[in-house]
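A.B. asks: First the structure, which I've put down as structure tokens, then a few questions once you've had a look.
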Amino acid sequence: MGERGPGTLDAGSPRDVAVQLLKFLGLTGLEAELYLLLLEKGPMSAPEISDHLVKHRPQIHVALTRLSSKGYIEELGGRPKKYRAVDPQLLLNIFLKDFDVLAKKALAYMQSISRPSPEEKYGVWIIREPEVAKNRMAELLDTATTDALIMGDIKFIHLLSEKIENAINRGVRVYVLSYSLGERGAKFILEDMPFLKKLRVAVSGDLVIVVDSERGGVLKARPTLPTRHGYLIEERTLTDYLSHDFMNRWVNAKVIVDEDYELPWRFTFHRMALYETKKLLLENRKLRLKVKGYEIDTGARVEIDGNIIDAVLDIPAGFAHFKVETDSGIVRVGGLDAIVEEVAGEFFEIYEGSKQ
């Protein structure tokens, strides 16, 4: 049997599952078998237990002593002494009570330990247990302040339901791509999650979350793959690749719901900012852009404020930038991967109306 990770149980018969649970509660394999035997047969003596389990009596006496000291079995005096198992629910309650006390003390200590130094917060972190990876990815939504991109199957999206709703209530723009059961499955998601404003059906892919263009997570969770490692990504270059892949899927995905957020809009994902802005420009809306970023030539920090003339988004050709009319002339504003543009933007705000 391979190593077991958190949140997993090996397949097997109901008895095998019961033995696994007892092992999680701290019993050895022999102690688990002994406890189940007493549940099944009722009170028994040590010699009787030894005969049934085909174990040496010293081994049985050690196991009985350990179970008795934990309160998992009861003793009846006499010759020979008899033993019986306590009710399984009582056993579980004892464990949960002890675990709760221990967990609170341990968690308080672990949370009091100093955080890693800032330079240790960057990189790609590998998580080898898929269920842990999914939950760590879900936690990314708690840190989102501006926008978030989510792609996954129905089960994964439902795992994120409460966190998505909380993020939307905080003013985060959340975009969700669903796959697995196609359009019908996406409608089921919408029934359970009516707060979603942006939902589309994509071709099957990985489980992905990217928040604020800074942090992301990806998991190839399909059972046919030889490895099922998850990755937490804290490198802006790689999160940009994830968001670019998401955008490629988004523009070709089937729309399930597409409700507009109220202006002003705030983005860190410049391609999504361009995509949404372009729709308003086609309606002849007058829009203004404020951008925080840096100059391509000098690297100097800069803020741009002007009227949006055009939102250029040609994904196959790789062009993605705003054309902005400022007091000093026309400026092209791209994203982190800007090369031909004058400015690379990191934070975008789109307002209704023109700058006078």
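By order in the structure tokens, chains are A, B, ...; within a chain, residues start at 1; ligands start at 1, following the order shown.
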Residues at most 12 Å from A:Glu346, counting only C-alpha atoms, excluding those fewer than 4 positions away in the same chain, as a PyMOL selection string?
C.D. replies: chain A and resi 146+212-214+236+240+266-271+273+290-295+301-304+333-338
A.B. asks: For the residues in that selection, give me N, CA, C and O atoms as a tab-separated table (two decimals), in the first residue's frame.
C.D. replies:
```tsv
chain	number	residue	atom	x	y	z
A	146	THR	N	-8.83	42.47	-6.75
A	146	THR	CA	-9.26	43.15	-7.97
A	146	THR	C	-9.99	42.22	-8.94
A	146	THR	O	-11.13	42.47	-9.32
A	212	ASP	N	-5.41	38.54	-9.30
A	212	ASP	CA	-4.70	39.83	-9.30
A	212	ASP	C	-3.39	39.79	-10.10
A	212	ASP	O	-2.48	40.59	-9.84
A	213	SER	N	-3.28	38.86	-11.06
A	213	SER	CA	-2.08	38.73	-11.91
A	213	SER	C	-0.81	38.43	-11.11
A	213	SER	O	0.29	38.47	-11.67
A	214	GLU	N	-0.95	38.11	-9.83
A	214	GLU	CA	0.22	37.91	-8.97
A	214	GLU	C	0.39	36.47	-8.52
A	214	GLU	O	1.52	35.99	-8.40
A	236	ARG	N	5.21	36.43	-11.61
A	236	ARG	CA	4.33	37.20	-12.49
A	236	ARG	C	4.41	36.73	-13.94
A	236	ARG	O	3.40	36.75	-14.66
A	240	ASP	N	1.14	35.30	-15.91
A	240	ASP	CA	0.74	35.93	-17.18
A	240	ASP	C	0.48	34.86	-18.24
A	240	ASP	O	-0.47	34.97	-19.03
A	266	ARG	N	-12.15	47.79	-12.62
A	266	ARG	CA	-10.74	47.71	-12.22
A	266	ARG	C	-10.20	46.33	-12.61
A	266	ARG	O	-10.85	45.33	-12.36
A	267	PHE	N	-9.04	46.33	-13.23
A	267	PHE	CA	-8.42	45.10	-13.71
A	267	PHE	C	-6.93	45.08	-13.40
A	267	PHE	O	-6.27	46.12	-13.36
A	268	THR	N	-6.42	43.86	-13.23
A	268	THR	CA	-4.97	43.64	-13.33
A	268	THR	C	-4.67	42.84	-14.59
A	268	THR	O	-3.56	42.89	-15.11
A	269	PHE	N	-5.67	42.08	-15.09
A	269	PHE	CA	-5.51	41.30	-16.32
A	269	PHE	C	-5.82	42.21	-17.52
A	269	PHE	O	-6.99	42.50	-17.80
A	270	HIS	N	-4.77	42.65	-18.20
A	270	HIS	CA	-5.00	43.66	-19.23
A	270	HIS	C	-5.76	43.11	-20.44
A	270	HIS	O	-6.52	43.83	-21.07
A	271	ARG	N	-5.58	41.83	-20.77
A	271	ARG	CA	-6.31	41.28	-21.91
A	271	ARG	C	-7.81	41.25	-21.62
A	271	ARG	O	-8.63	41.53	-22.51
A	273	ALA	N	-9.32	43.26	-19.56
A	273	ALA	CA	-9.72	44.67	-19.57
A	273	ALA	C	-9.98	45.14	-21.00
A	273	ALA	O	-10.97	45.84	-21.28
A	290	LYS	N	-7.43	55.05	-16.59
A	290	LYS	CA	-6.32	55.38	-15.69
A	290	LYS	C	-5.48	54.13	-15.53
A	290	LYS	O	-6.01	53.05	-15.28
A	291	VAL	N	-4.16	54.28	-15.68
A	291	VAL	CA	-3.25	53.13	-15.62
A	291	VAL	C	-2.07	53.44	-14.72
A	291	VAL	O	-1.51	54.54	-14.77
A	292	LYS	N	-1.69	52.44	-13.93
A	292	LYS	CA	-0.43	52.49	-13.19
A	292	LYS	C	0.49	51.45	-13.79
A	292	LYS	O	0.10	50.29	-13.97
A	293	GLY	N	1.72	51.85	-14.13
A	293	GLY	CA	2.65	50.92	-14.73
A	293	GLY	C	4.03	51.52	-14.83
A	293	GLY	O	4.44	52.27	-13.95
A	294	TYR	N	4.73	51.19	-15.92
A	294	TYR	CA	6.08	51.73	-16.09
A	294	TYR	C	6.38	51.92	-17.57
A	294	TYR	O	5.79	51.25	-18.44
A	295	GLU	N	7.31	52.82	-17.86
A	295	GLU	CA	7.70	53.08	-19.24
A	295	GLU	C	8.57	51.95	-19.76
A	295	GLU	O	9.46	51.46	-19.04
A	301	ARG	N	8.48	54.35	-13.18
A	301	ARG	CA	7.07	54.23	-12.83
A	301	ARG	C	6.30	55.40	-13.43
A	301	ARG	O	6.80	56.53	-13.50
A	302	VAL	N	5.06	55.12	-13.87
A	302	VAL	CA	4.28	56.15	-14.54
A	302	VAL	C	2.80	55.90	-14.32
A	302	VAL	O	2.38	54.76	-14.11
A	303	GLU	N	2.01	56.98	-14.34
A	303	GLU	CA	0.56	56.88	-14.30
A	303	GLU	C	0.00	57.59	-15.53
A	303	GLU	O	0.40	58.72	-15.83
A	304	ILE	N	-0.90	56.92	-16.21
A	304	ILE	CA	-1.51	57.46	-17.44
A	304	ILE	C	-2.99	57.73	-17.18
A	304	ILE	O	-3.68	56.91	-16.56
A	333	VAL	N	-0.82	51.44	-24.36
A	333	VAL	CA	-0.61	50.83	-23.05
A	333	VAL	C	-0.90	49.33	-23.14
A	333	VAL	O	-2.02	48.92	-23.40
A	334	GLY	N	0.13	48.52	-22.95
A	334	GLY	CA	-0.02	47.07	-22.95
A	334	GLY	C	0.02	46.50	-21.55
A	334	GLY	O	-0.22	47.20	-20.56
A	335	GLY	N	0.33	45.22	-21.47
A	335	GLY	CA	0.43	44.56	-20.18
A	335	GLY	C	1.87	44.27	-19.81
A	335	GLY	O	2.79	44.93	-20.30
A	336	LEU	N	2.07	43.28	-18.95
A	336	LEU	CA	3.42	42.98	-18.48
A	336	LEU	C	4.36	42.55	-19.60
A	336	LEU	O	5.57	42.71	-19.50
A	337	ASP	N	3.78	41.98	-20.67
A	337	ASP	CA	4.61	41.50	-21.77
A	337	ASP	C	4.77	42.55	-22.87
A	337	ASP	O	5.17	42.22	-24.00
A	338	ALA	N	4.45	43.80	-22.56
A	338	ALA	CA	4.53	44.86	-23.57
A	338	ALA	C	5.95	45.01	-24.11
A	338	ALA	O	6.92	44.99	-23.36
```
A.B. asks: With DSSP run on the backbone, what are the strand (DSSP E or B) residues within stretch 66-144 of chain A? I'd like them as a ChimeraX atom specification.
C.D. replies: /A:73-76,82-85,124-127
A.B. asks: Just to confirm, what's the straight-line distance from atom CA of A:Glu191 to atom CA of A:Ala253 in Å (one decimal)?
C.D. replies: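 Computing it gives 19.4 Å between the two atoms.
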A.B. asks: For stretch 42-52 of chain A, find every residue with an atom within 9 Å (counting only C-alpha atoms), except residues of its own chain fewer than 3 positions away, and show them as an NGL selection string.
C.D. replies: :A and (34 or 37-39 or 55-57 or 59-61 or 64 or 75-76 or 79-85)
A.B. asks: Got a sec: who's within 9 Å of A:Glu129, counting only C-alpha atoms, leaving out chain neighbours fewer than 2 positions off, as a list of chain:residue names?
C.D. replies: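 Listing them by chain and then by number gives A:Gly5, A:Pro6, A:Ile127, A:Glu131, A:Val132, A:Ala133, A:Lys134, A:Arg228, A:His229, A:Gly230.
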A.B. asks: For A:Phe322, please output as number ranges by chain all residues within 10 Å (counting only C-alpha atoms; exclusion window: fewer than 5 positions along the same chain).
C.D. replies: A: 270-271, 273-274, 277-278, 289, 307-313, 330-335, 341, 343, 345
